[in-house]
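File shown: protein-v8.txt. Contents: compact mmCIF, C-alpha atoms.
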# COMPACT_ATOMS: atom_id res chain seq x y z
CA MET A 1 4.24 -3.57 -16.32
CA THR A 2 1.85 -5.10 -13.83
CA LEU A 3 3.59 -5.92 -10.56
CA THR A 4 2.31 -7.54 -7.41
CA GLN A 5 3.43 -5.91 -4.16
CA ASP A 6 2.34 -8.02 -1.21
CA GLN A 7 -1.17 -8.88 -2.35
CA ALA A 8 -1.85 -5.66 -4.31
CA VAL A 9 -1.89 -5.37 -8.10
CA ILE A 10 0.09 -2.32 -9.32
CA THR A 11 -0.48 -1.20 -12.93
CA ASN A 12 0.94 2.04 -14.39
CA GLY A 13 2.12 2.96 -10.88
CA ILE A 14 -1.43 2.77 -9.51
CA ASN A 15 -2.52 0.39 -6.79
CA VAL A 16 -5.40 -1.18 -8.70
CA THR A 17 -6.48 -3.22 -5.69
CA ASP A 18 -7.00 -0.02 -3.67
CA LEU A 19 -8.61 1.72 -6.67
CA SER A 20 -11.06 -1.18 -7.10
CA ASN A 21 -11.89 -1.06 -3.39
CA THR A 22 -12.61 2.70 -3.69
CA ILE A 23 -14.87 2.15 -6.69
CA GLU A 24 -16.73 -0.63 -4.88
CA ALA A 25 -17.15 1.56 -1.77
CA ILE A 26 -18.58 4.40 -3.89
CA ARG A 27 -20.90 2.00 -5.68
CA ARG A 28 -22.30 0.96 -2.30
CA SER A 29 -22.31 4.51 -0.80
CA PRO A 30 -22.59 7.08 -3.63
CA GLN A 31 -22.23 10.04 -1.21
CA LEU A 32 -18.54 9.11 -0.84
CA ALA A 33 -18.07 10.42 -4.41
CA THR A 34 -18.93 14.00 -3.34
CA PHE A 35 -15.75 16.09 -3.41
CA GLN A 36 -15.18 19.81 -3.02
CA PHE A 37 -11.87 21.37 -4.10
CA ARG A 38 -10.84 24.92 -3.14
CA SER A 39 -8.38 27.66 -3.94
CA LYS A 40 -7.62 31.03 -2.39
CA ASN A 41 -6.05 33.78 -4.47
CA SER A 42 -4.59 37.18 -3.63
CA TRP A 43 -3.70 39.92 -6.06
CA LEU A 44 -0.13 41.19 -5.71
CA GLU A 45 0.32 43.85 -8.41
CA GLY A 46 -0.59 44.37 -12.05
CA GLY A 47 -0.98 40.93 -13.67
CA HIS A 48 0.67 39.13 -10.74
CA ASN A 49 -1.37 37.11 -8.25
CA ARG A 50 -0.91 34.02 -6.11
CA SER A 51 -3.08 31.02 -5.28
CA LYS A 52 -2.88 28.75 -2.24
CA ILE A 53 -4.40 25.30 -2.51
CA GLN A 54 -4.54 22.95 0.46
CA GLY A 55 -7.71 21.56 2.01
CA PHE A 56 -10.52 19.73 0.28
CA PHE A 57 -13.52 17.59 1.19
CA GLY A 58 -13.85 14.06 -0.13
CA CYS A 59 -14.80 10.50 0.79
CA GLY A 60 -17.07 11.86 3.51
CA LYS A 61 -14.57 14.04 5.37
CA GLU A 62 -12.17 16.96 5.31
CA ASP A 63 -8.78 15.91 4.04
CA GLU A 64 -6.00 16.63 6.53
CA THR A 65 -3.07 14.95 4.84
CA ARG A 66 -1.46 18.06 3.34
CA ASP A 67 0.94 19.74 5.78
CA GLU A 68 1.61 22.62 3.41
CA ALA A 69 -0.32 24.47 0.76
CA PHE A 70 0.61 24.36 -2.91
CA ILE A 71 1.46 27.88 -4.04
CA PHE A 72 1.15 29.07 -7.65
CA ASP A 73 1.94 32.48 -9.07
CA ALA A 74 0.24 33.73 -12.20
CA ASP A 75 1.37 36.73 -14.20
CA GLU A 76 1.39 38.00 -17.77
CA PRO A 77 4.41 38.18 -20.09
CA PRO A 78 5.85 41.60 -20.97
CA VAL A 79 3.98 41.78 -24.28
CA LEU A 80 0.78 41.61 -22.20
CA HIS A 81 2.10 44.22 -19.77
CA GLY A 82 3.04 41.91 -16.91
CA GLY A 83 6.28 40.97 -15.17
CA ASP A 84 6.24 37.27 -16.23
CA LYS A 85 6.54 36.04 -12.64
CA GLY A 86 4.40 33.02 -13.49
CA ALA A 87 2.59 31.34 -16.36
CA ASN A 88 -0.53 33.18 -17.34
CA PRO A 89 -4.04 31.93 -16.51
CA VAL A 90 -4.86 30.50 -19.95
CA GLU A 91 -1.54 28.64 -19.93
CA PHE A 92 -2.55 27.09 -16.60
CA VAL A 93 -5.73 25.85 -18.31
CA LEU A 94 -3.60 23.92 -20.81
CA HIS A 95 -1.56 22.43 -17.94
CA ALA A 96 -4.74 21.41 -16.11
CA LEU A 97 -6.17 19.84 -19.26
CA ALA A 98 -3.00 17.91 -20.15
CA ALA A 99 -2.54 16.72 -16.57
CA CYS A 100 -6.14 15.59 -16.24
CA MET A 101 -6.37 13.76 -19.56
CA THR A 102 -3.08 12.00 -18.81
CA THR A 103 -4.03 10.94 -15.29
CA THR A 104 -7.50 9.89 -16.40
CA MET A 105 -6.17 7.75 -19.24
CA VAL A 106 -3.58 6.14 -16.98
CA TYR A 107 -6.09 5.38 -14.18
CA HIS A 108 -8.76 4.02 -16.47
CA ALA A 109 -6.19 1.94 -18.33
CA ALA A 110 -4.91 0.52 -15.03
CA ALA A 111 -8.44 -0.41 -13.96
CA ARG A 112 -8.80 -2.37 -17.24
CA GLY A 113 -5.35 -4.01 -17.04
CA ILE A 114 -4.01 -1.94 -19.97
CA GLU A 115 -0.33 -1.16 -19.48
CA ILE A 116 1.05 2.23 -20.44
CA GLY A 117 4.77 2.88 -20.71
CA ALA A 118 4.87 6.61 -21.50
CA VAL A 119 2.59 9.55 -22.23
CA ASN A 120 3.77 12.80 -23.74
CA SER A 121 1.43 15.51 -24.85
CA GLU A 122 1.56 18.86 -26.60
CA LEU A 123 -1.29 21.33 -26.30
CA GLU A 124 -2.09 24.50 -28.18
CA GLY A 125 -4.79 27.04 -27.43
CA ASP A 126 -5.76 29.73 -29.94
CA ILE A 127 -7.16 33.00 -28.66
CA ASP A 128 -8.07 36.31 -30.26
CA LEU A 129 -7.51 38.96 -27.62
CA ARG A 130 -10.07 41.33 -29.17
CA GLY A 131 -12.63 39.42 -27.08
CA PHE A 132 -10.78 39.96 -23.80
CA LEU A 133 -10.14 43.60 -24.66
CA GLY A 134 -13.79 44.23 -25.46
CA LEU A 135 -12.95 45.36 -29.01
CA SER A 136 -15.45 43.02 -30.69
CA ASP A 137 -18.68 41.42 -29.51
CA ASP A 138 -18.29 38.76 -32.20
CA VAL A 139 -15.04 37.41 -30.77
CA ARG A 140 -15.17 35.13 -27.75
CA LYS A 141 -13.03 36.03 -24.76
CA GLY A 142 -11.40 32.67 -24.18
CA TYR A 143 -9.72 30.16 -26.48
CA HIS A 144 -11.71 29.49 -29.63
CA ASP A 145 -9.82 26.23 -30.34
CA VAL A 146 -7.73 23.85 -28.27
CA ARG A 147 -5.71 20.95 -29.66
CA VAL A 148 -4.36 18.05 -27.60
CA ARG A 149 -1.81 15.73 -29.23
CA MET A 150 -0.76 12.73 -27.15
CA ARG A 151 1.90 10.12 -27.86
CA VAL A 152 1.28 7.02 -25.78
CA GLN A 153 3.40 3.90 -25.40
CA SER A 154 0.78 1.17 -25.23
CA ASP A 155 -0.64 -1.84 -27.08
CA ALA A 156 -4.13 -0.34 -26.80
CA SER A 157 -5.58 1.41 -29.86
CA PRO A 158 -5.57 5.22 -30.14
CA ASP A 159 -9.37 5.14 -30.24
CA GLN A 160 -9.62 3.20 -27.00
CA LEU A 161 -7.05 5.45 -25.30
CA ALA A 162 -8.94 8.57 -26.44
CA GLU A 163 -12.14 7.09 -25.03
CA LEU A 164 -10.43 6.58 -21.67
CA ALA A 165 -8.84 10.07 -21.67
CA LYS A 166 -12.26 11.65 -22.26
CA PHE A 167 -13.43 10.55 -18.81
CA SER A 168 -11.27 13.52 -17.72
CA PRO A 169 -13.04 16.04 -15.47
CA VAL A 170 -11.05 18.96 -16.93
CA TYR A 171 -11.83 17.82 -20.49
CA ASP A 172 -15.50 18.00 -19.47
CA ILE A 173 -15.07 21.40 -17.78
CA VAL A 174 -13.33 22.92 -20.81
CA SER A 175 -15.35 21.34 -23.59
CA ASN A 176 -18.80 21.77 -22.00
CA SER A 177 -20.53 24.65 -20.24
CA LEU A 178 -20.49 24.90 -16.46
CA PRO A 179 -22.29 27.35 -14.17
CA VAL A 180 -19.87 29.71 -12.40
CA GLN A 181 -21.44 31.80 -9.63
CA VAL A 182 -19.64 35.08 -9.06
CA GLN A 183 -20.16 37.08 -5.86
CA ILE A 184 -18.22 40.28 -5.25
CA GLU A 185 -18.17 42.44 -2.17
CA THR A 186 -16.22 45.67 -1.78
CA PHE A 187 -14.59 47.32 1.20
CA MET B 1 -3.22 54.85 -6.59
CA THR B 2 -2.58 56.33 -10.01
CA LEU B 3 1.05 57.37 -10.40
CA THR B 4 2.88 59.01 -13.24
CA GLN B 5 6.32 57.59 -14.03
CA ASP B 6 8.06 59.68 -16.65
CA GLN B 7 5.12 60.32 -18.96
CA ALA B 8 3.30 57.02 -18.35
CA VAL B 9 0.13 56.61 -16.32
CA ILE B 10 0.37 53.66 -13.92
CA THR B 11 -2.89 52.41 -12.36
CA ASN B 12 -3.16 49.21 -10.28
CA GLY B 13 0.47 48.47 -11.15
CA ILE B 14 -0.32 48.49 -14.87
CA ASN B 15 1.20 50.88 -17.35
CA VAL B 16 -2.04 52.21 -18.78
CA THR B 17 -0.24 54.27 -21.40
CA ASP B 18 1.35 51.11 -22.83
CA LEU B 19 -1.92 49.19 -22.49
CA SER B 20 -3.78 51.92 -24.39
CA ASN B 21 -1.14 51.86 -27.11
CA THR B 22 -1.54 48.08 -27.43
CA ILE B 23 -5.32 48.38 -27.67
CA GLU B 24 -4.98 51.09 -30.31
CA ALA B 25 -2.48 49.00 -32.30
CA ILE B 26 -4.86 46.00 -32.23
CA ARG B 27 -7.77 48.20 -33.28
CA ARG B 28 -5.77 49.24 -36.35
CA SER B 29 -4.30 45.77 -37.06
CA PRO B 30 -6.67 43.11 -35.67
CA GLN B 31 -4.28 40.26 -36.58
CA LEU B 32 -2.02 41.41 -33.73
CA ALA B 33 -4.66 40.02 -31.34
CA THR B 34 -4.02 36.45 -32.53
CA PHE B 35 -2.22 34.56 -29.75
CA GLN B 36 -1.35 30.89 -29.35
CA PHE B 37 -0.36 29.51 -25.95
CA ARG B 38 1.22 26.06 -25.48
CA SER B 39 2.07 23.46 -22.89
CA LYS B 40 4.00 20.18 -23.00
CA ASN B 41 3.26 17.49 -20.46
CA SER B 42 4.97 14.21 -19.59
CA TRP B 43 3.60 11.44 -17.42
CA LEU B 44 5.91 10.40 -14.59
CA GLU B 45 4.06 7.68 -12.65
CA GLY B 46 0.55 6.98 -11.41
CA GLY B 47 -1.22 10.32 -10.97
CA HIS B 48 2.01 12.32 -11.24
CA ASN B 49 2.86 14.30 -14.37
CA ARG B 50 4.70 17.49 -15.25
CA SER B 51 4.03 20.39 -17.64
CA LYS B 52 6.54 22.76 -19.20
CA ILE B 53 5.28 26.11 -20.43
CA GLN B 54 7.54 28.53 -22.25
CA GLY B 55 7.04 29.76 -25.81
CA PHE B 56 3.94 31.36 -27.27
CA PHE B 57 2.95 33.33 -30.34
CA GLY B 58 1.45 36.79 -30.03
CA CYS B 59 1.48 40.30 -31.44
CA GLY B 60 2.61 38.90 -34.77
CA LYS B 61 5.67 36.95 -33.62
CA GLU B 62 7.10 34.18 -31.49
CA ASP B 63 7.81 35.40 -27.99
CA GLU B 64 11.43 34.91 -27.00
CA THR B 65 11.52 36.73 -23.67
CA ARG B 66 11.32 33.67 -21.40
CA ASP B 67 14.76 32.24 -20.67
CA GLU B 68 13.35 29.33 -18.71
CA ALA B 69 10.19 27.28 -18.84
CA PHE B 70 7.62 27.35 -16.07
CA ILE B 71 7.34 23.84 -14.60
CA PHE B 72 4.23 22.51 -12.85
CA ASP B 73 3.69 19.10 -11.31
CA ALA B 74 0.21 17.66 -10.97
CA ASP B 75 -0.64 14.66 -8.84
CA GLU B 76 -3.54 13.28 -6.83
CA PRO B 77 -3.84 13.20 -3.04
CA PRO B 78 -3.58 9.83 -1.24
CA VAL B 79 -7.37 9.42 -0.98
CA LEU B 80 -7.38 9.47 -4.81
CA HIS B 81 -4.47 7.04 -4.95
CA GLY B 82 -1.69 9.50 -5.78
CA GLY B 83 1.44 10.69 -4.05
CA ASP B 84 0.32 14.35 -3.63
CA LYS B 85 3.43 15.70 -5.39
CA GLY B 86 1.35 18.57 -6.82
CA ALA B 87 -2.13 20.05 -6.82
CA ASN B 88 -4.55 17.99 -8.83
CA PRO B 89 -5.83 19.05 -12.25
CA VAL B 90 -9.24 20.29 -11.11
CA GLU B 91 -7.54 22.36 -8.41
CA PHE B 92 -5.40 23.96 -11.13
CA VAL B 93 -8.62 24.94 -12.89
CA LEU B 94 -9.67 26.92 -9.81
CA HIS B 95 -6.27 28.63 -9.72
CA ALA B 96 -6.52 29.52 -13.41
CA LEU B 97 -10.04 30.88 -12.94
CA ALA B 98 -9.17 32.98 -9.87
CA ALA B 99 -5.99 34.31 -11.47
CA CYS B 100 -7.74 35.22 -14.71
CA MET B 101 -10.76 36.93 -13.16
CA THR B 102 -8.46 38.90 -10.86
CA THR B 103 -6.09 40.02 -13.62
CA THR B 104 -8.96 40.81 -15.95
CA MET B 105 -10.75 42.93 -13.36
CA VAL B 106 -7.54 44.78 -12.47
CA TYR B 107 -6.61 45.46 -16.13
CA HIS B 108 -10.07 46.60 -17.17
CA ALA B 109 -10.34 48.76 -14.06
CA ALA B 110 -6.97 50.35 -14.86
CA ALA B 111 -8.06 51.11 -18.43
CA ARG B 112 -11.12 52.91 -16.99
CA GLY B 113 -9.18 54.76 -14.28
CA ILE B 114 -10.77 52.71 -11.48
CA GLU B 115 -8.32 52.18 -8.66
CA ILE B 116 -8.17 48.85 -6.86
CA GLY B 117 -6.33 48.41 -3.57
CA ALA B 118 -6.72 44.69 -2.92
CA VAL B 119 -8.37 41.59 -4.34
CA ASN B 120 -8.80 38.37 -2.41
CA SER B 121 -10.85 35.48 -3.68
CA GLU B 122 -12.02 32.09 -2.50
CA LEU B 123 -13.18 29.47 -4.96
CA GLU B 124 -14.99 26.18 -4.49
CA GLY B 125 -15.66 23.51 -7.07
CA ASP B 126 -18.13 20.69 -6.43
CA ILE B 127 -17.63 17.39 -8.20
CA ASP B 128 -19.26 13.97 -7.97
CA LEU B 129 -16.59 11.43 -8.86
CA ARG B 130 -19.11 8.88 -10.08
CA GLY B 131 -18.88 10.68 -13.43
CA PHE B 132 -15.11 10.36 -13.66
CA LEU B 133 -15.26 6.74 -12.52
CA GLY B 134 -17.87 5.86 -15.13
CA LEU B 135 -20.32 4.68 -12.45
CA SER B 136 -23.22 6.80 -13.69
CA ASP B 137 -24.10 8.23 -17.10
CA ASP B 138 -26.30 10.83 -15.38
CA VAL B 139 -23.41 12.43 -13.49
CA ARG B 140 -21.10 14.80 -15.32
CA LYS B 141 -17.38 14.13 -15.13
CA GLY B 142 -16.18 17.61 -14.18
CA TYR B 143 -17.37 20.12 -11.62
CA HIS B 144 -21.14 20.57 -11.59
CA ASP B 145 -20.90 23.91 -9.73
CA VAL B 146 -18.16 26.49 -9.19
CA ARG B 147 -18.43 29.47 -6.84
CA VAL B 148 -16.13 32.51 -6.93
CA ARG B 149 -16.27 34.92 -3.99
CA MET B 150 -14.13 38.04 -4.35
CA ARG B 151 -13.44 40.79 -1.81
CA VAL B 152 -12.22 43.91 -3.58
CA GLN B 153 -10.93 47.15 -2.10
CA SER B 154 -12.40 49.73 -4.49
CA ASP B 155 -14.87 52.57 -4.76
CA ALA B 156 -16.47 50.89 -7.79
CA SER B 157 -19.70 48.95 -7.27
CA PRO B 158 -19.71 45.15 -6.97
CA ASP B 159 -21.87 44.98 -10.11
CA GLN B 160 -19.41 47.01 -12.15
CA LEU B 161 -16.45 44.97 -10.87
CA ALA B 162 -18.25 41.73 -11.71
CA GLU B 163 -18.90 43.04 -15.22
CA LEU B 164 -15.18 43.76 -15.64
CA ALA B 165 -14.10 40.39 -14.19
CA LYS B 166 -16.36 38.57 -16.67
CA PHE B 167 -14.18 39.71 -19.57
CA SER B 168 -11.90 36.93 -18.25
CA PRO B 169 -10.84 34.36 -20.89
CA VAL B 170 -10.80 31.53 -18.33
CA TYR B 171 -14.27 32.50 -17.08
CA ASP B 172 -15.41 32.14 -20.70
CA ILE B 173 -13.55 28.83 -21.15
CA VAL B 174 -15.04 27.32 -17.98
CA SER B 175 -18.56 28.69 -18.20
CA ASN B 176 -19.08 28.09 -21.94
CA SER B 177 -18.38 25.18 -24.25
CA LEU B 178 -15.18 25.05 -26.29
CA PRO B 179 -14.10 22.56 -28.96
CA VAL B 180 -11.15 20.43 -27.83
CA GLN B 181 -9.55 18.35 -30.58
CA VAL B 182 -7.90 15.19 -29.28
CA GLN B 183 -5.38 13.28 -31.39
CA ILE B 184 -3.61 10.22 -30.00
CA GLU B 185 -0.86 8.17 -31.58
CA THR B 186 0.71 5.08 -30.04
CA PHE B 187 4.20 3.62 -30.24

Turn the structure described in the file into structure tokens.
Amino acid sequence: MTLTQDQAVITNGINVTDLSNTIEAIRRSPQLATFQFRSKNSWLEGGHNRSKIQGFFGCGKEDETRDEAFIFDADEPPVLHGGDKGANPVEFVLHALAACMTTTMVYHAAARGIEIGAVNSELEGDIDLRGFLGLSDDVRKGYHDVRVRMRVQSDASPDQLAELAKFSPVYDIVSNSLPVQVQIETF
Amino acid sequence: MTLTQDQAVITNGINVTDLSNTIEAIRRSPQLATFQFRSKNSWLEGGHNRSKIQGFFGCGKEDETRDEAFIFDADEPPVLHGGDKGANPVEFVLHALAACMTTTMVYHAAARGIEIGAVNSELEGDIDLRGFLGLSDDVRKGYHDVRVRMRVQSDASPDQLAELAKFSPVYDIVSNSLPVQVQIETF
């Protein structure tokens, strides 16, 4: 439902007036669109490690609104010789993908005045661990297929909603190649 | 340090005897390497949504060892018009990447008898939001560059450790292209 709070238009829980102002500001000053996100991770033991996520740069300055870091533990399940103290890394990829496609669809719908009542998604990622284990050069190390099924309460067509969801940064990151620079130092 | 518990060799917190048995079993029966991971996500409001991760298929059967689901909230910070109730999706990608490269390096090192005392990493992802916002066709929607800096306590060389870390499934997923099937139905 589209509501008006004071003089702002709110669609899908998003302040579309503010969103439109942001888009207009970026159109005038493209450097405001430059963001840098960050994560720090420390190994704990075996398959268990922990990330802290807090600061980022965006809209021309360091963000200082987060009083505390977000903390996430990753681990492997027993069958993969871990202690299961967190979801495993490839499961986090599915979370990131679902979250991003959902948010992207909802934001882009709001900007176009398309109302959305609910979004539920189920994701599956297929992986052949012979790649990870180095048992076959013909098998890739990551997922070889990912499926995203979304059920959306909306009057918009599935095709239009899919088009909006595919503005997702994580959909781009997963479905296309991206340079990852790796630098390791030892002590 | 490599320890022996009962008759098992433990290196970097990983039971290398069990890991070697798993690798040998997969070598004999490659279908055991087929895994499927899953995530369900529900939109809550605006940029806020929640994933539940529990069951998966692997080693020839449905895993039933997790009594509870892992729950992760994603949101956007205020400057991106969210309520900051969770890290944002592209931040979760950095967590997944750090976690996976760390675990992969530690596991592969253990299998080779290379001891690791500590791993700390810092990741940065650069993104130009004009892609996400649809303001420029020339700007990609996701990160255009990702940097991973790892500090590792080990006698192994940085080059060898980087080689091990690059067996990471999430490194493969992020750095290479991957087909993502999207299916949307409305109600």

What does the structure give for the distance between atom CA of A:Val174 and atom CA of B:Ser177, in Å to one decimal?
6.5 Å

In Å, with one decimal, what is the gap from atom CA of A:Val148 to atom CA of A:Lys166?
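Taking atom CA of A:Val148 as the start and atom CA of A:Lys166 as the end point, the length is 11.5 Å.
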
If we count all atoms listed in the file, what is near stretch 71-78 of chain A at a cut-off of 6 Å, once residues fewer than 4 positions away on the same chain are taken out, given as number ranges by chain?
A: 47-52, 82-88

Of the candidates A:Gly131, A:Ala165, A:Arg28, A:Gly13, which one gets nearest to chain B if we count only C-alpha atoms?
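Closest to chain B, using only C-alpha atoms: A:Gly13.
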
Point-to-point distance from atom CA of A:Leu97 to atom CA of B:His95, Å rounded to tenths:
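Computing the Euclidean distance for atom CA of A:Leu97 and atom CA of B:His95 yields 13.0 Å.
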
List every protein, DNA or RNA residue with an atom no more than 7 Å from (-3.5, 38.6, -28.5) in the file's coordinates, counting all atoms listed in the file, and format the result as a list in words.
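Residues lying no farther than 7 Å from the given point: Ile127, Asp128 and Leu129 of chain A; Leu32, Ala33, Thr34, Phe35, Gly58 and Cys59 of chain B.
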
List the spatial neighbours of B:Thr65 as number ranges by chain - criterion: any atom at most 10 Å away, all atoms listed in the file, same-chain residues fewer than 2 positions off excluded.
A: 77-79, 84; B: 54-56, 62-63, 67-68

As a tab-separated table (two decimals), in the frame of the given file, the rebuilt stretch 71-80 of chain A with all heavy atoms:
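Done, and the output landed in part_21.tsv:
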chain	number	residue	atom	x	y	z
A	71	ILE	N	1.49	26.45	-3.73
A	71	ILE	CA	1.46	27.88	-4.04
A	71	ILE	C	1.76	28.06	-5.54
A	71	ILE	O	2.74	27.49	-6.04
A	71	ILE	CB	2.56	28.65	-3.25
A	71	ILE	CG1	2.46	28.34	-1.75
A	71	ILE	CG2	2.52	30.14	-3.55
A	71	ILE	CD1	1.34	29.03	-1.05
A	72	PHE	N	0.92	28.82	-6.23
A	72	PHE	CA	1.15	29.07	-7.65
A	72	PHE	C	1.01	30.55	-7.95
A	72	PHE	O	0.01	31.17	-7.58
A	72	PHE	CB	0.16	28.28	-8.52
A	72	PHE	CG	0.20	26.82	-8.24
A	72	PHE	CD1	-0.84	26.19	-7.56
A	72	PHE	CD2	1.30	26.06	-8.61
A	72	PHE	CE1	-0.78	24.84	-7.26
A	72	PHE	CE2	1.37	24.71	-8.31
A	72	PHE	CZ	0.32	24.10	-7.64
A	73	ASP	N	1.99	31.09	-8.62
A	73	ASP	CA	1.94	32.48	-9.07
A	73	ASP	C	1.49	32.53	-10.52
A	73	ASP	O	1.95	31.73	-11.34
A	73	ASP	CB	3.33	33.13	-8.98
A	73	ASP	CG	3.66	33.58	-7.56
A	73	ASP	OD1	3.15	32.93	-6.61
A	73	ASP	OD2	4.40	34.55	-7.42
A	74	ALA	N	0.61	33.45	-10.81
A	74	ALA	CA	0.24	33.73	-12.20
A	74	ALA	C	0.65	35.16	-12.52
A	74	ALA	O	0.64	36.03	-11.64
A	74	ALA	CB	-1.26	33.55	-12.41
A	75	ASP	N	1.03	35.38	-13.76
A	75	ASP	CA	1.37	36.73	-14.20
A	75	ASP	C	1.16	36.76	-15.71
A	75	ASP	O	0.73	35.77	-16.31
A	75	ASP	CB	2.83	37.06	-13.83
A	75	ASP	CG	3.12	38.57	-13.82
A	75	ASP	OD1	2.25	39.37	-14.21
A	75	ASP	OD2	4.25	38.94	-13.45
A	76	GLU	N	1.45	37.88	-16.31
A	76	GLU	CA	1.39	38.00	-17.77
A	76	GLU	C	2.80	38.29	-18.29
A	76	GLU	O	3.60	38.91	-17.59
A	76	GLU	CB	0.45	39.13	-18.19
A	76	GLU	CG	-1.00	38.92	-17.80
A	76	GLU	CD	-1.66	37.75	-18.51
A	76	GLU	OE1	-1.17	37.36	-19.58
A	76	GLU	OE2	-2.65	37.22	-17.98
A	77	PRO	N	3.10	37.86	-19.50
A	77	PRO	CA	4.41	38.18	-20.09
A	77	PRO	C	4.49	39.67	-20.44
A	77	PRO	O	3.46	40.36	-20.47
A	77	PRO	CB	4.45	37.31	-21.35
A	77	PRO	CG	3.01	37.08	-21.69
A	77	PRO	CD	2.26	37.06	-20.39
A	78	PRO	N	5.69	40.17	-20.68
A	78	PRO	CA	5.85	41.60	-20.97
A	78	PRO	C	4.95	42.11	-22.09
A	78	PRO	O	4.41	43.22	-21.99
A	78	PRO	CB	7.34	41.71	-21.35
A	78	PRO	CG	8.00	40.60	-20.61
A	78	PRO	CD	7.00	39.47	-20.61
A	79	VAL	N	4.78	41.31	-23.15
A	79	VAL	CA	3.98	41.78	-24.28
A	79	VAL	C	2.52	42.01	-23.87
A	79	VAL	O	1.79	42.76	-24.52
A	79	VAL	CB	4.09	40.79	-25.48
A	79	VAL	CG1	3.38	39.48	-25.17
A	79	VAL	CG2	3.55	41.40	-26.76
A	80	LEU	N	2.12	41.36	-22.74
A	80	LEU	CA	0.78	41.61	-22.20
A	80	LEU	C	0.86	42.43	-20.91
A	80	LEU	O	-0.02	42.35	-20.04
A	80	LEU	CB	0.04	40.28	-21.98
A	80	LEU	CG	-0.26	39.53	-23.29
A	80	LEU	CD1	-0.85	38.15	-23.04
A	80	LEU	CD2	-1.23	40.35	-24.17
